[in-house]
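Participant: Here you go, structure_35.pdb (PDB, C-alpha atoms, pLDDT in the B column):
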MODEL        1
ATOM      1  CA  MET A 459      -0.672  47.198 -49.018  1.00 97.00           C
ATOM      2  CA  GLN A 460      -1.696  43.875 -50.524  1.00 98.00           C
ATOM      3  CA  LEU A 461      -4.932  41.875 -50.364  1.00 98.00           C
ATOM      4  CA  TRP A 462      -4.503  38.102 -50.226  1.00 98.00           C
ATOM      5  CA  VAL A 463      -7.724  36.148 -50.665  1.00 98.00           C
ATOM      6  CA  GLY A 464      -8.287  32.486 -49.941  1.00 98.00           C
ATOM      7  CA  LEU A 465     -11.169  30.843 -51.759  1.00 98.00           C
ATOM      8  CA  GLY A 466     -13.467  28.384 -50.034  1.00 97.00           C
ATOM      9  CA  ASN A 467     -16.956  27.838 -48.700  1.00 97.00           C
ATOM     10  CA  PRO A 468     -17.951  28.910 -45.164  1.00 96.00           C
ATOM     11  CA  GLY A 469     -19.111  26.348 -42.615  1.00 95.00           C
ATOM     12  CA  ALA A 470     -17.657  23.417 -40.721  1.00 95.00           C
ATOM     13  CA  GLN A 471     -19.057  20.870 -43.189  1.00 95.00           C
ATOM     14  CA  TYR A 472     -16.762  22.318 -45.912  1.00 96.00           C
ATOM     15  CA  ALA A 473     -13.649  22.854 -43.801  1.00 95.00           C
ATOM     16  CA  MET A 474     -11.644  19.877 -45.119  1.00 97.00           C
ATOM     17  CA  HIS A 475     -12.908  19.939 -48.721  1.00 97.00           C
ATOM     18  CA  ARG A 476     -10.235  20.198 -51.404  1.00 97.00           C
ATOM     19  CA  HIS A 477     -12.192  23.224 -52.682  1.00 97.00           C
ATOM     20  CA  ASN A 478     -11.333  24.990 -49.380  1.00 98.00           C
ATOM     21  CA  VAL A 479      -7.551  24.755 -49.654  1.00 98.00           C
ATOM     22  CA  GLY A 480      -7.453  28.523 -50.305  1.00 98.00           C
ATOM     23  CA  PHE A 481      -9.024  29.130 -46.875  1.00 98.00           C
ATOM     24  CA  MET A 482      -6.494  26.707 -45.382  1.00 98.00           C
ATOM     25  CA  ALA A 483      -3.557  28.609 -46.935  1.00 98.00           C
ATOM     26  CA  ILE A 484      -4.826  31.932 -45.539  1.00 98.00           C
ATOM     27  CA  ASP A 485      -5.240  30.378 -42.074  1.00 98.00           C
ATOM     28  CA  ALA A 486      -1.677  29.002 -42.186  1.00 98.00           C
ATOM     29  CA  ILE A 487      -0.229  32.381 -43.233  1.00 98.00           C
ATOM     30  CA  ALA A 488      -2.197  34.165 -40.485  1.00 98.00           C
ATOM     31  CA  ALA A 489      -0.977  31.704 -37.841  1.00 98.00           C
ATOM     32  CA  VAL A 490       2.702  31.704 -38.852  1.00 98.00           C
ATOM     33  CA  HIS A 491       2.918  35.488 -39.272  1.00 98.00           C
ATOM     34  CA  GLY A 492       0.940  36.390 -36.135  1.00 97.00           C
ATOM     35  CA  PHE A 493      -1.966  38.195 -37.778  1.00 98.00           C
ATOM     36  CA  ALA A 494      -4.695  39.840 -35.699  1.00 95.00           C
ATOM     37  CA  ALA A 495      -7.873  37.854 -35.042  1.00 97.00           C
ATOM     38  CA  PRO A 496     -10.341  37.922 -37.944  1.00 97.00           C
ATOM     39  CA  SER A 497     -13.112  40.495 -38.022  1.00 97.00           C
ATOM     40  CA  LYS A 498     -16.311  40.295 -40.044  1.00 98.00           C
ATOM     41  CA  LYS A 499     -15.908  42.707 -42.974  1.00 97.00           C
ATOM     42  CA  PHE A 500     -16.633  42.810 -46.689  1.00 97.00           C
ATOM     43  CA  GLN A 501     -18.988  39.826 -46.477  1.00 97.00           C
ATOM     44  CA  GLY A 502     -16.112  37.726 -45.186  1.00 98.00           C
ATOM     45  CA  TRP A 503     -13.417  37.452 -42.523  1.00 98.00           C
ATOM     46  CA  LEU A 504     -10.569  39.946 -42.690  1.00 98.00           C
ATOM     47  CA  GLN A 505      -7.249  39.828 -40.846  1.00 98.00           C
ATOM     48  CA  GLU A 506      -4.558  42.490 -40.842  1.00 97.00           C
ATOM     49  CA  GLY A 507      -0.865  41.937 -40.359  1.00 98.00           C
ATOM     50  CA  ARG A 508       2.563  41.897 -41.949  1.00 97.00           C
ATOM     51  CA  VAL A 509       4.394  39.371 -44.060  1.00 97.00           C
ATOM     52  CA  GLY A 510       8.027  40.385 -43.903  1.00 92.00           C
ATOM     53  CA  GLY A 511       8.044  44.133 -44.506  1.00 93.00           C
ATOM     54  CA  ALA A 512       4.710  44.225 -46.356  1.00 96.00           C
ATOM     55  CA  LYS A 513       1.329  45.132 -44.906  1.00 98.00           C
ATOM     56  CA  VAL A 514      -1.052  42.369 -45.971  1.00 98.00           C
ATOM     57  CA  LEU A 515      -4.792  41.978 -45.569  1.00 98.00           C
ATOM     58  CA  LEU A 516      -6.023  38.381 -45.534  1.00 98.00           C
ATOM     59  CA  LEU A 517      -9.610  37.808 -46.659  1.00 98.00           C
ATOM     60  CA  LYS A 518     -11.786  34.710 -46.636  1.00 98.00           C
ATOM     61  CA  PRO A 519     -15.069  35.554 -48.409  1.00 98.00           C
ATOM     62  CA  ALA A 520     -18.146  34.194 -46.602  1.00 97.00           C
ATOM     63  CA  THR A 521     -20.288  34.559 -49.727  1.00 95.00           C
ATOM     64  CA  PHE A 522     -19.769  30.951 -50.854  1.00 93.00           C
ATOM     65  CA  MET A 523     -17.402  30.233 -53.703  1.00 94.00           C
ATOM     66  CA  ASN A 524     -19.679  31.269 -56.567  1.00 94.00           C
ATOM     67  CA  ASP A 525     -20.016  34.843 -55.298  1.00 96.00           C
ATOM     68  CA  SER A 526     -16.464  35.478 -54.026  1.00 97.00           C
ATOM     69  CA  GLY A 527     -15.981  38.433 -56.373  1.00 97.00           C
ATOM     70  CA  ARG A 528     -18.502  40.538 -54.458  1.00 97.00           C
ATOM     71  CA  SER A 529     -16.499  40.294 -51.226  1.00 98.00           C
ATOM     72  CA  VAL A 530     -13.123  40.779 -52.956  1.00 98.00           C
ATOM     73  CA  GLY A 531     -14.359  43.780 -54.961  1.00 97.00           C
ATOM     74  CA  GLU A 532     -15.728  45.444 -51.824  1.00 97.00           C
ATOM     75  CA  ALA A 533     -12.401  45.080 -49.997  1.00 98.00           C
ATOM     76  CA  LEU A 534     -10.329  46.390 -52.928  1.00 97.00           C
ATOM     77  CA  ARG A 535     -12.594  49.419 -53.345  1.00 97.00           C
ATOM     78  CA  PHE A 536     -12.635  50.198 -49.608  1.00 98.00           C
ATOM     79  CA  TYR A 537      -8.821  50.212 -49.403  1.00 97.00           C
ATOM     80  CA  LYS A 538      -8.503  51.911 -52.825  1.00 97.00           C
ATOM     81  CA  LEU A 539      -6.285  49.107 -54.104  1.00 97.00           C
ATOM     82  CA  ASP A 540      -5.799  48.179 -57.740  1.00 96.00           C
ATOM     83  CA  VAL A 541      -6.169  44.627 -58.975  1.00 96.00           C
ATOM     84  CA  ASP A 542      -2.348  44.327 -59.063  1.00 95.00           C
ATOM     85  CA  ALA A 543      -2.419  44.319 -55.222  1.00 97.00           C
ATOM     86  CA  LEU A 544      -4.600  41.172 -55.279  1.00 98.00           C
ATOM     87  CA  THR A 545      -3.379  37.600 -54.819  1.00 98.00           C
ATOM     88  CA  VAL A 546      -5.916  34.747 -54.818  1.00 98.00           C
ATOM     89  CA  PHE A 547      -5.140  31.324 -53.288  1.00 98.00           C
ATOM     90  CA  HIS A 548      -7.285  28.561 -54.811  1.00 98.00           C
ATOM     91  CA  ASP A 549      -7.565  24.860 -55.579  1.00 98.00           C
ATOM     92  CA  GLU A 550      -6.427  23.743 -59.034  1.00 96.00           C
ATOM     93  CA  LEU A 551      -7.691  20.521 -60.656  1.00 95.00           C
ATOM     94  CA  ASP A 552      -5.184  20.658 -63.508  1.00 93.00           C
ATOM     95  CA  LEU A 553      -2.191  20.568 -61.188  1.00 96.00           C
ATOM     96  CA  ALA A 554      -0.917  17.443 -59.424  1.00 96.00           C
ATOM     97  CA  ALA A 555      -1.964  17.153 -55.781  1.00 96.00           C
ATOM     98  CA  MET A 556       0.267  19.113 -53.386  1.00 97.00           C
ATOM     99  CA  LYS A 557       1.998  21.009 -56.221  1.00 97.00           C
ATOM    100  CA  LEU A 558       1.972  24.770 -56.409  1.00 97.00           C
ATOM    101  CA  LYS A 559       2.199  27.310 -59.217  1.00 97.00           C
ATOM    102  CA  VAL A 560       1.907  31.084 -59.201  1.00 98.00           C
ATOM    103  CA  LYS A 561       0.454  32.733 -62.261  1.00 96.00           C
ATOM    104  CA  GLN A 562      -0.374  36.317 -63.201  1.00 96.00           C
ATOM    105  CA  GLY A 563      -3.741  36.666 -64.934  1.00 96.00           C
ATOM    106  CA  GLY A 564      -5.330  34.009 -67.111  1.00 93.00           C
ATOM    107  CA  GLY A 565      -8.585  32.157 -67.492  1.00 92.00           C
ATOM    108  CA  THR A 566     -10.862  30.599 -64.912  1.00 92.00           C
ATOM    109  CA  ALA A 567     -10.648  26.933 -66.019  1.00 87.00           C
ATOM    110  CA  GLY A 568     -14.208  26.337 -64.832  1.00 88.00           C
ATOM    111  CA  HIS A 569     -13.419  27.510 -61.277  1.00 95.00           C
ATOM    112  CA  ASN A 570     -16.503  29.359 -60.043  1.00 95.00           C
ATOM    113  CA  GLY A 571     -14.617  31.421 -57.455  1.00 96.00           C
ATOM    114  CA  LEU A 572     -12.164  32.672 -60.069  1.00 97.00           C
ATOM    115  CA  ARG A 573     -15.015  33.268 -62.499  1.00 97.00           C
ATOM    116  CA  SER A 574     -16.802  35.462 -59.942  1.00 97.00           C
ATOM    117  CA  ILE A 575     -13.661  37.527 -59.234  1.00 97.00           C
ATOM    118  CA  ASP A 576     -12.991  37.837 -62.975  1.00 97.00           C
ATOM    119  CA  GLN A 577     -16.557  39.123 -63.529  1.00 96.00           C
ATOM    120  CA  HIS A 578     -16.140  41.775 -60.817  1.00 95.00           C
ATOM    121  CA  LEU A 579     -12.520  42.812 -61.398  1.00 96.00           C
ATOM    122  CA  GLY A 580     -11.211  41.333 -64.649  1.00 95.00           C
ATOM    123  CA  PRO A 581      -8.603  38.560 -65.050  1.00 95.00           C
ATOM    124  CA  ASP A 582      -5.367  40.423 -64.241  1.00 96.00           C
ATOM    125  CA  PHE A 583      -4.777  39.298 -60.659  1.00 97.00           C
ATOM    126  CA  ARG A 584      -2.065  37.001 -59.282  1.00 98.00           C
ATOM    127  CA  ARG A 585      -3.138  33.447 -58.517  1.00 98.00           C
ATOM    128  CA  VAL A 586      -1.504  30.918 -56.212  1.00 98.00           C
ATOM    129  CA  ARG A 587      -2.742  27.656 -57.722  1.00 98.00           C
ATOM    130  CA  ILE A 588      -2.695  24.801 -55.202  1.00 98.00           C
ATOM    131  CA  GLY A 589      -2.908  21.421 -56.901  1.00 97.00           C
ATOM    132  CA  ILE A 590      -5.625  18.988 -55.870  1.00 97.00           C
ATOM    133  CA  GLY A 591      -5.107  16.627 -58.830  1.00 95.00           C
ATOM    134  CA  HIS A 592      -7.721  15.414 -61.263  1.00 94.00           C
ATOM    135  CA  PRO A 593      -9.759  12.316 -60.346  1.00 93.00           C
ATOM    136  CA  GLY A 594      -9.315  10.930 -63.871  1.00 91.00           C
ATOM    137  CA  HIS A 595     -12.821  11.259 -65.288  1.00 93.00           C
ATOM    138  CA  LYS A 596     -14.995  14.370 -65.606  1.00 90.00           C
ATOM    139  CA  ASP A 597     -17.943  12.575 -63.968  1.00 94.00           C
ATOM    140  CA  ARG A 598     -15.903  12.328 -60.749  1.00 94.00           C
ATOM    141  CA  VAL A 599     -14.742  15.969 -60.636  1.00 94.00           C
ATOM    142  CA  THR A 600     -17.530  17.396 -58.440  1.00 93.00           C
ATOM    143  CA  GLY A 601     -17.193  14.657 -55.817  1.00 95.00           C
ATOM    144  CA  HIS A 602     -13.410  15.068 -55.816  1.00 96.00           C
ATOM    145  CA  VAL A 603     -13.427  18.865 -55.499  1.00 95.00           C
ATOM    146  CA  LEU A 604     -16.211  18.890 -52.905  1.00 94.00           C
ATOM    147  CA  GLY A 605     -14.800  15.896 -51.059  1.00 95.00           C
ATOM    148  CA  ASN A 606     -12.636  15.893 -47.956  1.00 97.00           C
ATOM    149  CA  TYR A 607      -8.913  15.295 -48.170  1.00 97.00           C
ATOM    150  CA  ALA A 608      -8.118  11.622 -47.601  1.00 94.00           C
ATOM    151  CA  LYS A 609      -6.294  10.586 -44.406  1.00 95.00           C
ATOM    152  CA  VAL A 610      -3.127   9.824 -46.393  1.00 96.00           C
ATOM    153  CA  GLU A 611      -3.173  13.377 -47.794  1.00 96.00           C
ATOM    154  CA  ILE A 612      -3.331  15.195 -44.446  1.00 97.00           C
ATOM    155  CA  GLU A 613       0.395  15.105 -43.634  1.00 97.00           C
ATOM    156  CA  PRO A 614       1.514  16.204 -47.142  1.00 97.00           C
ATOM    157  CA  LEU A 615      -1.192  18.917 -47.066  1.00 98.00           C
ATOM    158  CA  SER A 616       0.043  20.141 -43.690  1.00 97.00           C
ATOM    159  CA  ASP A 617       3.625  20.238 -45.045  1.00 98.00           C
ATOM    160  CA  LEU A 618       2.491  22.189 -48.123  1.00 98.00           C
ATOM    161  CA  LEU A 619       0.502  24.735 -46.105  1.00 98.00           C
ATOM    162  CA  GLY A 620       3.428  25.159 -43.721  1.00 98.00           C
ATOM    163  CA  ALA A 621       5.799  25.755 -46.652  1.00 98.00           C
ATOM    164  CA  ILE A 622       3.414  28.307 -48.211  1.00 98.00           C
ATOM    165  CA  ALA A 623       3.259  30.217 -44.912  1.00 98.00           C
ATOM    166  CA  ALA A 624       7.006  29.983 -44.270  1.00 98.00           C
ATOM    167  CA  GLU A 625       7.937  31.275 -47.728  1.00 98.00           C
ATOM    168  CA  ALA A 626       5.141  33.877 -47.996  1.00 98.00           C
ATOM    169  CA  ASP A 627       7.665  36.712 -47.604  1.00 98.00           C
ATOM    170  CA  TRP A 628       8.840  36.068 -51.186  1.00 98.00           C
ATOM    171  CA  LEU A 629       5.260  36.398 -52.408  1.00 97.00           C
ATOM    172  CA  ALA A 630       4.876  39.670 -50.487  1.00 97.00           C
ATOM    173  CA  GLN A 631       8.036  40.969 -52.172  1.00 97.00           C
ATOM    174  CA  GLY A 632       6.620  40.080 -55.587  1.00 96.00           C
ATOM    175  CA  ASP A 633       9.137  37.296 -56.244  1.00 97.00           C
ATOM    176  CA  SER A 634       6.777  34.512 -57.363  1.00 97.00           C
ATOM    177  CA  GLU A 635       9.617  32.403 -58.820  1.00 97.00           C
ATOM    178  CA  ARG A 636      11.585  32.379 -55.564  1.00 98.00           C
ATOM    179  CA  PHE A 637       8.378  31.626 -53.640  1.00 98.00           C
ATOM    180  CA  MET A 638       7.611  28.587 -55.848  1.00 98.00           C
ATOM    181  CA  ASN A 639      11.222  27.359 -55.728  1.00 97.00           C
ATOM    182  CA  ASP A 640      11.565  27.687 -51.969  1.00 98.00           C
ATOM    183  CA  VAL A 641       8.202  25.982 -51.324  1.00 98.00           C
ATOM    184  CA  ALA A 642       9.335  23.105 -53.579  1.00 96.00           C
ATOM    185  CA  LEU A 643      12.700  22.891 -51.759  1.00 96.00           C
ATOM    186  CA  ARG A 644      10.971  22.700 -48.365  1.00 95.00           C
ATOM    187  CA  LEU A 645       8.804  19.841 -49.632  1.00 94.00           C
ATOM    188  CA  GLY A 646      11.922  18.140 -51.007  1.00 86.00           C
TER     189      GLY A 646
ENDMDL
END
Show me this structure written as structure tokens.

Facilitator:
Amino acid sequence: MQLWVGLGNPGAQYAMHRHNVGFMAIDAIAAVHGFAAPSKKFQGWLQEGRVGGAKVLLLKPATFMNDSGRSVGEALRFYKLDVDALTVFHDELDLAAMKLKVKQGGGTAGHNGLRSIDQHLGPDFRRVRIGIGHPGHKDRVTGHVLGNYAKVEIEPLSDLLGAIAAEADWLAQGDSERFMNDVALRLG
């Protein structure tokens, strides 16, 4: 069993923020793979289903970004899963918009959601880094991250989320390289 967590902030006012792209990825995977409706558990929304042959739990913490680790830790402990069963989908400033990289372990790069998970569980979890691009100057970072996707970004974002969901089987099998390659091929 694997636990896949999307990072974001709860509430309609945050739904289209770049910071919520982790939530968006989880929603796309749930829709494409026919997951059960979400239930309120572990201070978040949990959905159960399968991706290919793997049983996967999808979790969107409702604790707000800065306290995501509490929700994630609760779910891992309840299901008696180790941190190697955890994959976190999150926005990444230091990656070009609509690009994707999978990484095992590492630092938090100032990302409060990652920092919270790291504090609760340590750094050794798999991350699916979804690029949102850097606005160019550090003074503009907060507005960029907490801003909505622009109209011109919606179609490429939809394509990216669709590719993530379509190729998620490779992620479930532990083949991060194939997952990244096949997502890139779909986006052509």

Participant: Contacts between range 508-520 of chain A and range 531-605 of chain A, please, where a residue of range 531-605 of chain A counts if it comes within 12 Å (with only C-alpha atoms); show its shortest atom pair and distance in Å to one decimal, rows by chain and ascending number, as JSON lines.

Facilitator:
{"residue": "A:Gly531", "atom": "CA", "partner": "A:Pro519", "partner_atom": "CA", "distance": 10.5}
{"residue": "A:Glu532", "atom": "CA", "partner": "A:Pro519", "partner_atom": "CA", "distance": 10.5}
{"residue": "A:Ala533", "atom": "CA", "partner": "A:Leu517", "partner_atom": "CA", "distance": 8.5}
{"residue": "A:Leu534", "atom": "CA", "partner": "A:Leu515", "partner_atom": "CA", "distance": 10.2}
{"residue": "A:Tyr537", "atom": "CA", "partner": "A:Leu515", "partner_atom": "CA", "distance": 9.9}
{"residue": "A:Leu539", "atom": "CA", "partner": "A:Leu515", "partner_atom": "CA", "distance": 11.2}
{"residue": "A:Ala543", "atom": "CA", "partner": "A:Val514", "partner_atom": "CA", "distance": 9.6}
{"residue": "A:Leu544", "atom": "CA", "partner": "A:Leu515", "partner_atom": "CA", "distance": 9.7}
{"residue": "A:Thr545", "atom": "CA", "partner": "A:Leu516", "partner_atom": "CA", "distance": 9.7}
{"residue": "A:Val546", "atom": "CA", "partner": "A:Leu517", "partner_atom": "CA", "distance": 9.5}
{"residue": "A:Phe547", "atom": "CA", "partner": "A:Lys518", "partner_atom": "CA", "distance": 10.0}
{"residue": "A:His548", "atom": "CA", "partner": "A:Lys518", "partner_atom": "CA", "distance": 11.2}
{"residue": "A:Gly571", "atom": "CA", "partner": "A:Pro519", "partner_atom": "CA", "distance": 10.0}
{"residue": "A:Ser574", "atom": "CA", "partner": "A:Pro519", "partner_atom": "CA", "distance": 11.7}
{"residue": "A:Ile575", "atom": "CA", "partner": "A:Pro519", "partner_atom": "CA", "distance": 11.1}

Participant: How about saving the chosen residues, C-alpha atoms kept, as a compact mmCIF listing (two decimals), in the frame of the given file?

Facilitator:
# COMPACT_ATOMS: atom_id res chain seq x y z
CA GLY A 531 -14.36 43.78 -54.96
CA GLU A 532 -15.73 45.44 -51.82
CA ALA A 533 -12.40 45.08 -50.00
CA LEU A 534 -10.33 46.39 -52.93
CA TYR A 537 -8.82 50.21 -49.40
CA LEU A 539 -6.28 49.11 -54.10
CA ALA A 543 -2.42 44.32 -55.22
CA LEU A 544 -4.60 41.17 -55.28
CA THR A 545 -3.38 37.60 -54.82
CA VAL A 546 -5.92 34.75 -54.82
CA PHE A 547 -5.14 31.32 -53.29
CA HIS A 548 -7.28 28.56 -54.81
CA GLY A 571 -14.62 31.42 -57.46
CA SER A 574 -16.80 35.46 -59.94
CA ILE A 575 -13.66 37.53 -59.23

Participant: How many Å separate CA of Phe637 in chain A from CA of Glu625 in chain A?

Facilitator: 5.9 Å

Participant: Please evaluate the PyMOL selection byres ((chain A and resi 591) around 8) against the displayed coordinates and give the resulting residues as a list in words.

Facilitator: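 This file, filtered by the PyMOL selection byres ((chain A and resi 591) around 8), leaves Glu550, Leu551, Asp552, Leu553, Ala554, Ala555, Gly589, Ile590, His592 and Pro593 of chain A.
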
Participant: Figure out the distance between CA of Pro614 in chain A and CA of Gly565 in chain A, please, to one decimal in Å.

Facilitator: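 Rounded to one decimal, the two atoms are 27.8 Å apart.
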
Participant: Between CA of Gly605 in chain A and CA of Gly564 in chain A, what is the distance in Å, rounded to a tenth?

Facilitator: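 Interatomic distance, CA of Gly605 in chain A to CA of Gly564 in chain A: 26.0 Å.
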
Participant: To test your reading of the syntax: which residues would the PyMOL selection byres ((chain A and resi 526) around 10) return for the file shown? Reply as a list in words.

Facilitator: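 Applying the expression gives Val463, Gly464, Leu465, Gly466, Asn467, Gln501, Gly502, Lys518, Pro519, Ala520, Thr521, Phe522, Met523, Asn524, Asp525, Gly527, Arg528, Ser529, Val530, Gly531, Asn570, Gly571, Leu572, Arg573, Ser574, Ile575, Asp576 and His578 of chain A.
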
Participant: Taking the file as shown, what set of residues would the PyMOL selection byres ((chain A and resi 644) around 10) give back, as a ChimeraX atom specification?

Facilitator: /A:617-618,620-622,624-625,639-643,645-646

Participant: Taking all listed atoms of range 471-488 of chain A, build the axis-aligned box, pad each of the six sides by 6 Å, then write its centre and edge lengths in Å to one decimal as lines of an AutoDock Vina configuration file.

Facilitator:
center_x = -9.6
center_y = 27.0
center_z = -46.6
size_x = 30.8
size_y = 26.3
size_z = 24.2
